[in-house]
$ cat model.txt   # compact mmCIF, C-alpha atoms and all ligand atoms
# COMPACT_ATOMS: atom_id res chain seq x y z
CA MET A 1 30.79 25.71 -19.66
CA GLY A 2 30.17 28.24 -22.39
CA PHE A 3 32.65 29.30 -25.03
CA GLU A 4 33.65 32.20 -27.26
CA ILE A 5 34.47 32.51 -30.93
CA LYS A 6 35.23 35.53 -33.12
CA THR A 7 34.09 36.14 -36.67
CA GLU A 8 36.06 38.47 -38.92
CA ASN A 9 33.37 39.31 -41.47
CA VAL A 10 29.68 38.89 -42.14
CA PHE A 11 30.21 35.69 -44.16
CA GLN A 12 31.88 33.97 -41.19
CA THR A 13 28.89 35.00 -39.05
CA ILE A 14 26.51 33.41 -41.57
CA GLU A 15 28.72 30.26 -41.58
CA LEU A 16 28.56 30.11 -37.78
CA GLY A 17 24.76 30.34 -37.96
CA LYS A 18 24.77 27.48 -40.50
CA LYS A 19 26.87 25.36 -38.13
CA LEU A 20 24.49 26.05 -35.24
CA SER A 21 21.53 25.07 -37.43
CA GLU A 22 22.96 21.54 -37.73
CA CYS A 23 22.69 21.20 -33.93
CA LEU A 24 19.09 22.38 -33.60
CA ASP A 25 16.03 20.24 -32.95
CA LYS A 26 12.37 21.14 -32.60
CA ASN A 27 11.59 23.17 -29.44
CA ASP A 28 15.12 24.60 -29.27
CA ILE A 29 15.31 28.27 -28.39
CA VAL A 30 18.20 30.57 -29.30
CA LEU A 31 18.40 34.01 -27.65
CA LEU A 32 20.48 36.63 -29.45
CA GLN A 33 21.73 39.60 -27.46
CA GLY A 34 23.87 42.40 -28.84
CA ASP A 35 23.76 46.03 -29.93
CA LEU A 36 22.17 47.23 -33.14
CA GLY A 37 24.44 46.12 -35.99
CA ALA A 38 26.07 43.35 -33.96
CA GLY A 39 24.97 40.72 -36.49
CA LYS A 40 21.92 39.08 -34.88
CA THR A 41 19.88 39.09 -38.09
CA HIS A 42 22.80 37.88 -40.25
CA PHE A 43 23.48 35.06 -37.79
CA THR A 44 19.79 34.13 -38.10
CA LYS A 45 20.15 34.18 -41.91
CA GLY A 46 22.85 31.55 -41.49
CA ILE A 47 20.56 29.41 -39.32
CA ALA A 48 17.81 29.68 -41.96
CA ILE A 49 20.15 28.77 -44.83
CA GLY A 50 21.46 25.83 -42.80
CA LEU A 51 17.92 24.60 -42.19
CA GLY A 52 17.36 24.67 -45.95
CA ILE A 53 14.96 27.62 -45.91
CA LYS A 54 14.85 29.33 -49.29
CA ASP A 55 13.09 32.58 -48.27
CA MET A 56 15.18 35.65 -47.57
CA VAL A 57 15.38 36.42 -43.85
CA THR A 58 14.53 40.01 -43.01
CA SER A 59 14.47 41.80 -39.67
CA PRO A 60 11.23 41.19 -37.70
CA THR A 61 11.53 44.64 -36.07
CA PHE A 62 8.04 45.72 -37.14
CA THR A 63 6.33 42.33 -37.49
CA LEU A 64 7.62 41.06 -34.07
CA MET A 65 7.87 37.51 -35.49
CA ASN A 66 8.55 36.08 -38.94
CA GLU A 67 7.80 32.45 -39.70
CA TYR A 68 9.81 30.47 -42.27
CA ARG A 69 8.76 27.07 -43.60
CA GLY A 70 10.15 24.72 -46.21
CA GLY A 71 13.29 23.75 -44.31
CA ARG A 72 14.24 20.79 -42.11
CA LEU A 73 12.36 22.54 -39.26
CA PRO A 74 10.12 25.63 -39.17
CA LEU A 75 11.97 28.75 -37.99
CA TYR A 76 10.28 31.39 -35.85
CA HIS A 77 12.39 34.56 -35.84
CA TYR A 78 11.44 37.11 -33.18
CA ASP A 79 12.51 40.64 -32.37
CA MET A 80 11.28 41.65 -28.88
CA TYR A 81 12.77 45.15 -28.96
CA ARG A 82 9.28 46.66 -28.73
CA ILE A 83 8.03 44.29 -26.00
CA SER A 84 8.74 44.58 -22.29
CA THR A 85 6.71 41.99 -20.36
CA ASP A 86 5.64 38.33 -20.44
CA ASP A 87 2.00 39.52 -20.34
CA GLU A 88 2.38 41.33 -23.68
CA ILE A 89 3.81 38.15 -25.19
CA TYR A 90 0.82 36.10 -23.98
CA GLU A 91 -1.66 38.77 -25.15
CA LEU A 92 -0.13 38.80 -28.64
CA GLY A 93 -0.02 34.98 -28.70
CA LEU A 94 3.71 35.13 -29.41
CA ASN A 95 4.28 32.26 -26.95
CA ASP A 96 2.38 29.84 -29.23
CA PHE A 97 5.57 28.80 -31.02
CA PHE A 98 7.89 28.34 -28.03
CA ASP A 99 6.98 24.66 -27.51
CA ASN A 100 5.77 23.92 -30.97
CA ASP A 101 7.13 22.23 -34.05
CA GLY A 102 10.20 24.29 -34.77
CA VAL A 103 13.13 26.42 -33.67
CA CYS A 104 12.72 29.88 -32.11
CA VAL A 105 15.44 32.48 -32.62
CA ILE A 106 14.79 35.58 -30.55
CA GLU A 107 16.57 38.91 -30.83
CA TRP A 108 16.46 40.99 -27.63
CA ASN A 109 14.47 38.47 -25.61
CA VAL A 110 12.41 39.62 -22.59
CA PHE A 111 10.35 36.43 -22.02
CA THR A 112 11.08 34.57 -18.77
CA GLY A 113 8.77 31.52 -18.96
CA PHE A 114 10.56 29.11 -21.34
CA LYS A 115 10.01 25.44 -20.50
CA SER A 116 13.37 24.32 -21.91
CA GLU A 117 16.69 26.04 -21.30
CA PRO A 118 17.57 28.42 -24.15
CA LEU A 119 20.97 28.74 -25.79
CA LYS A 120 22.19 32.29 -25.15
CA VAL A 121 24.34 33.99 -27.75
CA ASP A 122 25.86 37.34 -26.78
CA ILE A 123 27.39 39.17 -29.73
CA THR A 124 29.86 42.00 -29.08
CA ILE A 125 31.09 44.45 -31.70
CA VAL A 126 34.89 44.38 -31.39
CA ASP A 127 35.51 46.65 -34.38
CA GLU A 128 34.04 47.38 -37.80
CA ASN A 129 34.17 43.77 -38.99
CA ILE A 130 35.03 41.67 -35.95
CA ARG A 131 32.34 40.23 -33.69
CA ARG A 132 32.79 38.16 -30.54
CA PHE A 133 30.18 35.41 -30.01
CA CYS A 134 29.77 34.14 -26.43
CA PHE A 135 27.63 31.01 -26.07
CA SER A 136 26.08 30.09 -22.71
CA GLY A 137 23.00 28.34 -21.31
CA ASN A 138 21.83 25.09 -22.95
CA GLN A 139 24.84 22.79 -22.49
CA ARG A 140 23.58 20.12 -24.90
CA LEU A 141 23.59 22.65 -27.77
CA ILE A 142 26.94 24.11 -26.70
CA ASN A 143 28.55 20.66 -26.70
CA LYS A 144 27.08 19.80 -30.10
CA LEU A 145 28.29 23.08 -31.60
CA LYS A 146 31.79 22.76 -30.12
CA ASN A 147 32.07 19.30 -31.67
CA ILE A 148 31.48 20.51 -35.22
CA LEU A 149 33.44 23.78 -35.21
P1 LIG B 1 21.55 43.23 -35.82
O1 LIG B 1 20.43 42.31 -36.24
O2 LIG B 1 22.33 42.71 -34.65
O3 LIG B 1 21.12 44.66 -35.64
P2 LIG B 1 22.49 42.90 -38.57
O4 LIG B 1 22.78 41.46 -38.79
O5 LIG B 1 21.21 43.44 -39.12
O6 LIG B 1 22.63 43.26 -37.01
O7 LIG B 1 23.65 43.80 -39.19
C1 LIG B 1 25.02 43.60 -38.94
C2 LIG B 1 25.81 44.59 -39.79
O8 LIG B 1 27.20 44.52 -39.46
C3 LIG B 1 25.67 44.30 -41.27
O9 LIG B 1 25.66 45.52 -41.96
C4 LIG B 1 26.96 43.52 -41.56
O10 LIG B 1 27.38 43.65 -42.91
C5 LIG B 1 27.95 44.18 -40.62
N1 LIG B 1 29.06 43.30 -40.21
C6 LIG B 1 30.38 43.59 -40.29
N2 LIG B 1 31.14 42.61 -39.79
C7 LIG B 1 30.29 41.64 -39.37
C8 LIG B 1 30.46 40.36 -38.74
N3 LIG B 1 31.66 39.86 -38.43
N4 LIG B 1 29.36 39.66 -38.45
C9 LIG B 1 28.13 40.14 -38.72
N5 LIG B 1 27.88 41.34 -39.30
C10 LIG B 1 28.95 42.08 -39.63
MG MG B 2 18.31 42.55 -36.24

$ encode --input "model.txt" --output "structure tokens" --more "lines below"
Ligand code: ADP
Ligand code: MG
Amino acid sequence: MGFEIKTENVFQTIELGKKLSECLDKNDIVLLQGDLGAGKTHFTKGIAIGLGIKDMVTSPTFTLMNEYRGGRLPLYHYDMYRISTDDEIYELGLNDFFDNDGVCVIEWNVFTGFKSEPLKVDITIVDENIRRFCFSGNQRLINKLKNIL
């Protein structure tokens, strides 16, 4: 079963990302859904910090994918807002990192061909500073995360 947790400010969202990072192994895929301003990129910052990545995480809105090295695992941070089909992903070679050496975190995913089950994170804006995180999908990751929260 999935579970829900609320954060009350951006720092708690970054902390939650750091906690999730401790659970991640190579080939894990995290899908982030939620409106603009929900906190997808800040949650990813937390994952990057938790992995020990020193670079500043910025939104991949225009680059489609940003790659971060130097941490426990490479981090591939996607934003698929401008993509609509699996074919476009294959044509751009964006699928190269899905079963590779690191962790993929994908904002606004559209891809349907993942070989392992992704962890889905739905973020809802409750009010100005409160966000509800709903975790579903990959049960192994959900269980690991629940155990350390
Ligand atoms: P997204 O990538 O989903 O568009 P961002 O992470 O870029 O969202 O931005 C989230 C915005 O919401 C930031 O300006 C952040 O300061 C603000 N914010 C307020 N409360 C929270 C919270 N609890 N969690 C995350 N962000 C929050
Ligand atoms: Mg974003």

$ closest_atom_pairs --input "model.txt" --of "stretch 65-141 of chain A" --to "stretch 11-35 of chain A" --cutoff "8 Å" --atoms "only C-alpha atoms" --output "JSON lines"
{"residue": "A:Leu73", "atom": "CA", "partner": "A:Lys26", "partner_atom": "CA", "distance": 6.8}
{"residue": "A:Phe98", "atom": "CA", "partner": "A:Asn27", "partner_atom": "CA", "distance": 6.5}
{"residue": "A:Asp99", "atom": "CA", "partner": "A:Asn27", "partner_atom": "CA", "distance": 5.2}
{"residue": "A:Asn100", "atom": "CA", "partner": "A:Asn27", "partner_atom": "CA", "distance": 6.1}
{"residue": "A:Asp101", "atom": "CA", "partner": "A:Lys26", "partner_atom": "CA", "distance": 5.5}
{"residue": "A:Gly102", "atom": "CA", "partner": "A:Lys26", "partner_atom": "CA", "distance": 4.4}
{"residue": "A:Val103", "atom": "CA", "partner": "A:Asp28", "partner_atom": "CA", "distance": 5.2}
{"residue": "A:Cys104", "atom": "CA", "partner": "A:Ile29", "partner_atom": "CA", "distance": 4.8}
{"residue": "A:Val105", "atom": "CA", "partner": "A:Val30", "partner_atom": "CA", "distance": 4.7}
{"residue": "A:Ile106", "atom": "CA", "partner": "A:Leu31", "partner_atom": "CA", "distance": 4.9}
{"residue": "A:Glu107", "atom": "CA", "partner": "A:Leu32", "partner_atom": "CA", "distance": 4.7}
{"residue": "A:Trp108", "atom": "CA", "partner": "A:Gln33", "partner_atom": "CA", "distance": 5.5}
{"residue": "A:Asn109", "atom": "CA", "partner": "A:Leu31", "partner_atom": "CA", "distance": 6.3}
{"residue": "A:Ser116", "atom": "CA", "partner": "A:Asp28", "partner_atom": "CA", "distance": 7.6}
{"residue": "A:Glu117", "atom": "CA", "partner": "A:Ile29", "partner_atom": "CA", "distance": 7.6}
{"residue": "A:Pro118", "atom": "CA", "partner": "A:Ile29", "partner_atom": "CA", "distance": 4.8}
{"residue": "A:Leu119", "atom": "CA", "partner": "A:Val30", "partner_atom": "CA", "distance": 4.8}
{"residue": "A:Lys120", "atom": "CA", "partner": "A:Leu31", "partner_atom": "CA", "distance": 4.9}
{"residue": "A:Val121", "atom": "CA", "partner": "A:Leu32", "partner_atom": "CA", "distance": 5.0}
{"residue": "A:Asp122", "atom": "CA", "partner": "A:Gln33", "partner_atom": "CA", "distance": 4.8}
{"residue": "A:Ile123", "atom": "CA", "partner": "A:Gly34", "partner_atom": "CA", "distance": 4.9}
{"residue": "A:Thr124", "atom": "CA", "partner": "A:Gly34", "partner_atom": "CA", "distance": 6.0}
{"residue": "A:Ile125", "atom": "CA", "partner": "A:Asp35", "partner_atom": "CA", "distance": 7.7}
{"residue": "A:Leu141", "atom": "CA", "partner": "A:Cys23", "partner_atom": "CA", "distance": 6.4}

$ residues_near_point --input "model.txt" --point "(1.0, 36.2, -21.9)" --cutoff "12 Å" --atoms "all atoms listed in the file" --output "list in words"
Ile83, Ser84, Thr85, Asp86, Asp87, Glu88, Ile89, Tyr90, Glu91, Leu92, Gly93, Leu94, Asn95, Asp96, Val110, Phe111, Thr112, Gly113 and Phe114 of chain A

$ closest_residue --input "model.txt" --among "A:Cys134, A:Asn143, A:Glu4, A:Leu75" --to "A:Leu51" --atoms "all atoms listed in the file"
A:Leu75

$ closest_residue --input "model.txt" --among "A:Ile47, A:Glu67, A:His77, A:Arg72" --to "ligand MG 2 (chain B)" --atoms "all atoms listed in the file"
A:His77

$ closest_residue --input "model.txt" --among "A:Met80, A:Leu145, A:Met65, A:Pro74" --to "A:Gly52" --atoms "all atoms listed in the file"
A:Pro74

$ axis_aligned_box --input "model.txt" --around "stretch 137-149 of chain A" --padding-each-side "5 Å" --output "JSON"
{"center_x": 27.6, "center_y": 23.8, "center_z": -28.3, "size_x": 21.6, "size_y": 19.0, "size_z": 23.9}

$ build_atoms --input "model.txt" --residues "stretch 11-22 of chain A" --atoms "all heavy atoms" --output "short mmCIF file (atom, residue, chain, number, x, y, z; two decimals), in the frame of the given file"
data_model
loop_
_atom_site.label_atom_id
_atom_site.label_comp_id
_atom_site.auth_asym_id
_atom_site.auth_seq_id
_atom_site.Cartn_x
_atom_site.Cartn_y
_atom_site.Cartn_z
N PHE A 11 30.36 37.04 -43.60
CA PHE A 11 30.21 35.69 -44.16
C PHE A 11 30.54 34.63 -43.11
O PHE A 11 29.90 33.59 -43.04
CB PHE A 11 31.09 35.53 -45.41
CG PHE A 11 30.82 36.60 -46.43
CD1 PHE A 11 31.73 37.64 -46.64
CD2 PHE A 11 29.61 36.63 -47.13
CE1 PHE A 11 31.45 38.65 -47.54
CE2 PHE A 11 29.33 37.65 -48.04
CZ PHE A 11 30.25 38.67 -48.24
N GLN A 12 31.55 34.91 -42.28
CA GLN A 12 31.88 33.97 -41.19
C GLN A 12 30.74 33.89 -40.18
O GLN A 12 30.50 32.84 -39.59
CB GLN A 12 33.17 34.39 -40.49
CG GLN A 12 34.42 34.14 -41.34
CD GLN A 12 35.71 34.47 -40.59
OE1 GLN A 12 35.69 34.83 -39.42
NE2 GLN A 12 36.83 34.36 -41.30
N THR A 13 30.05 35.01 -39.97
CA THR A 13 28.89 35.00 -39.05
C THR A 13 27.77 34.13 -39.62
O THR A 13 27.14 33.35 -38.90
CB THR A 13 28.41 36.44 -38.80
OG1 THR A 13 29.41 37.10 -38.03
CG2 THR A 13 27.09 36.48 -38.05
N ILE A 14 27.54 34.25 -40.93
CA ILE A 14 26.51 33.41 -41.57
C ILE A 14 26.93 31.93 -41.49
O ILE A 14 26.10 31.07 -41.18
CB ILE A 14 26.29 33.87 -43.03
CG1 ILE A 14 25.61 35.26 -43.03
CG2 ILE A 14 25.44 32.87 -43.82
CD1 ILE A 14 25.55 35.96 -44.37
N GLU A 15 28.21 31.64 -41.71
CA GLU A 15 28.72 30.26 -41.58
C GLU A 15 28.50 29.71 -40.18
O GLU A 15 28.12 28.55 -40.00
CB GLU A 15 30.22 30.19 -41.91
CG GLU A 15 30.54 30.04 -43.38
CD GLU A 15 29.78 28.90 -44.06
OE1 GLU A 15 29.81 27.76 -43.55
OE2 GLU A 15 29.13 29.16 -45.08
N LEU A 16 28.74 30.54 -39.17
CA LEU A 16 28.56 30.11 -37.78
C LEU A 16 27.08 29.80 -37.53
O LEU A 16 26.76 28.80 -36.86
CB LEU A 16 29.06 31.23 -36.85
CG LEU A 16 29.12 30.93 -35.36
CD1 LEU A 16 30.02 29.72 -35.05
CD2 LEU A 16 29.65 32.17 -34.60
N GLY A 17 26.19 30.61 -38.07
CA GLY A 17 24.76 30.34 -37.96
C GLY A 17 24.40 29.01 -38.64
O GLY A 17 23.59 28.23 -38.11
N LYS A 18 25.03 28.76 -39.80
CA LYS A 18 24.77 27.48 -40.50
C LYS A 18 25.21 26.30 -39.64
O LYS A 18 24.51 25.29 -39.55
CB LYS A 18 25.50 27.45 -41.85
CG LYS A 18 24.79 28.25 -42.94
CD LYS A 18 25.64 28.44 -44.19
CE LYS A 18 25.75 27.21 -45.04
NZ LYS A 18 26.47 27.54 -46.31
N LYS A 19 26.37 26.43 -39.01
CA LYS A 19 26.87 25.36 -38.13
C LYS A 19 25.89 25.13 -36.98
O LYS A 19 25.56 23.99 -36.65
CB LYS A 19 28.25 25.73 -37.57
CG LYS A 19 29.37 25.61 -38.57
CD LYS A 19 29.69 24.14 -38.79
CE LYS A 19 30.83 23.99 -39.78
NZ LYS A 19 30.98 22.60 -40.22
N LEU A 20 25.43 26.22 -36.36
CA LEU A 20 24.49 26.05 -35.24
C LEU A 20 23.22 25.35 -35.71
O LEU A 20 22.68 24.50 -34.99
CB LEU A 20 24.17 27.40 -34.60
CG LEU A 20 23.13 27.33 -33.46
CD1 LEU A 20 23.61 26.43 -32.32
CD2 LEU A 20 22.80 28.72 -32.94
N SER A 21 22.78 25.67 -36.92
CA SER A 21 21.53 25.07 -37.43
C SER A 21 21.59 23.55 -37.43
O SER A 21 20.59 22.88 -37.21
CB SER A 21 21.21 25.58 -38.83
OG SER A 21 21.99 24.91 -39.80
N GLU A 22 22.80 23.00 -37.68
CA GLU A 22 22.96 21.54 -37.73
C GLU A 22 22.68 20.91 -36.36
O GLU A 22 22.37 19.73 -36.27
CB GLU A 22 24.38 21.16 -38.16
CG GLU A 22 24.74 21.58 -39.57
CD GLU A 22 26.22 21.31 -39.88
OE1 GLU A 22 26.83 20.42 -39.25
OE2 GLU A 22 26.76 22.03 -40.74
#
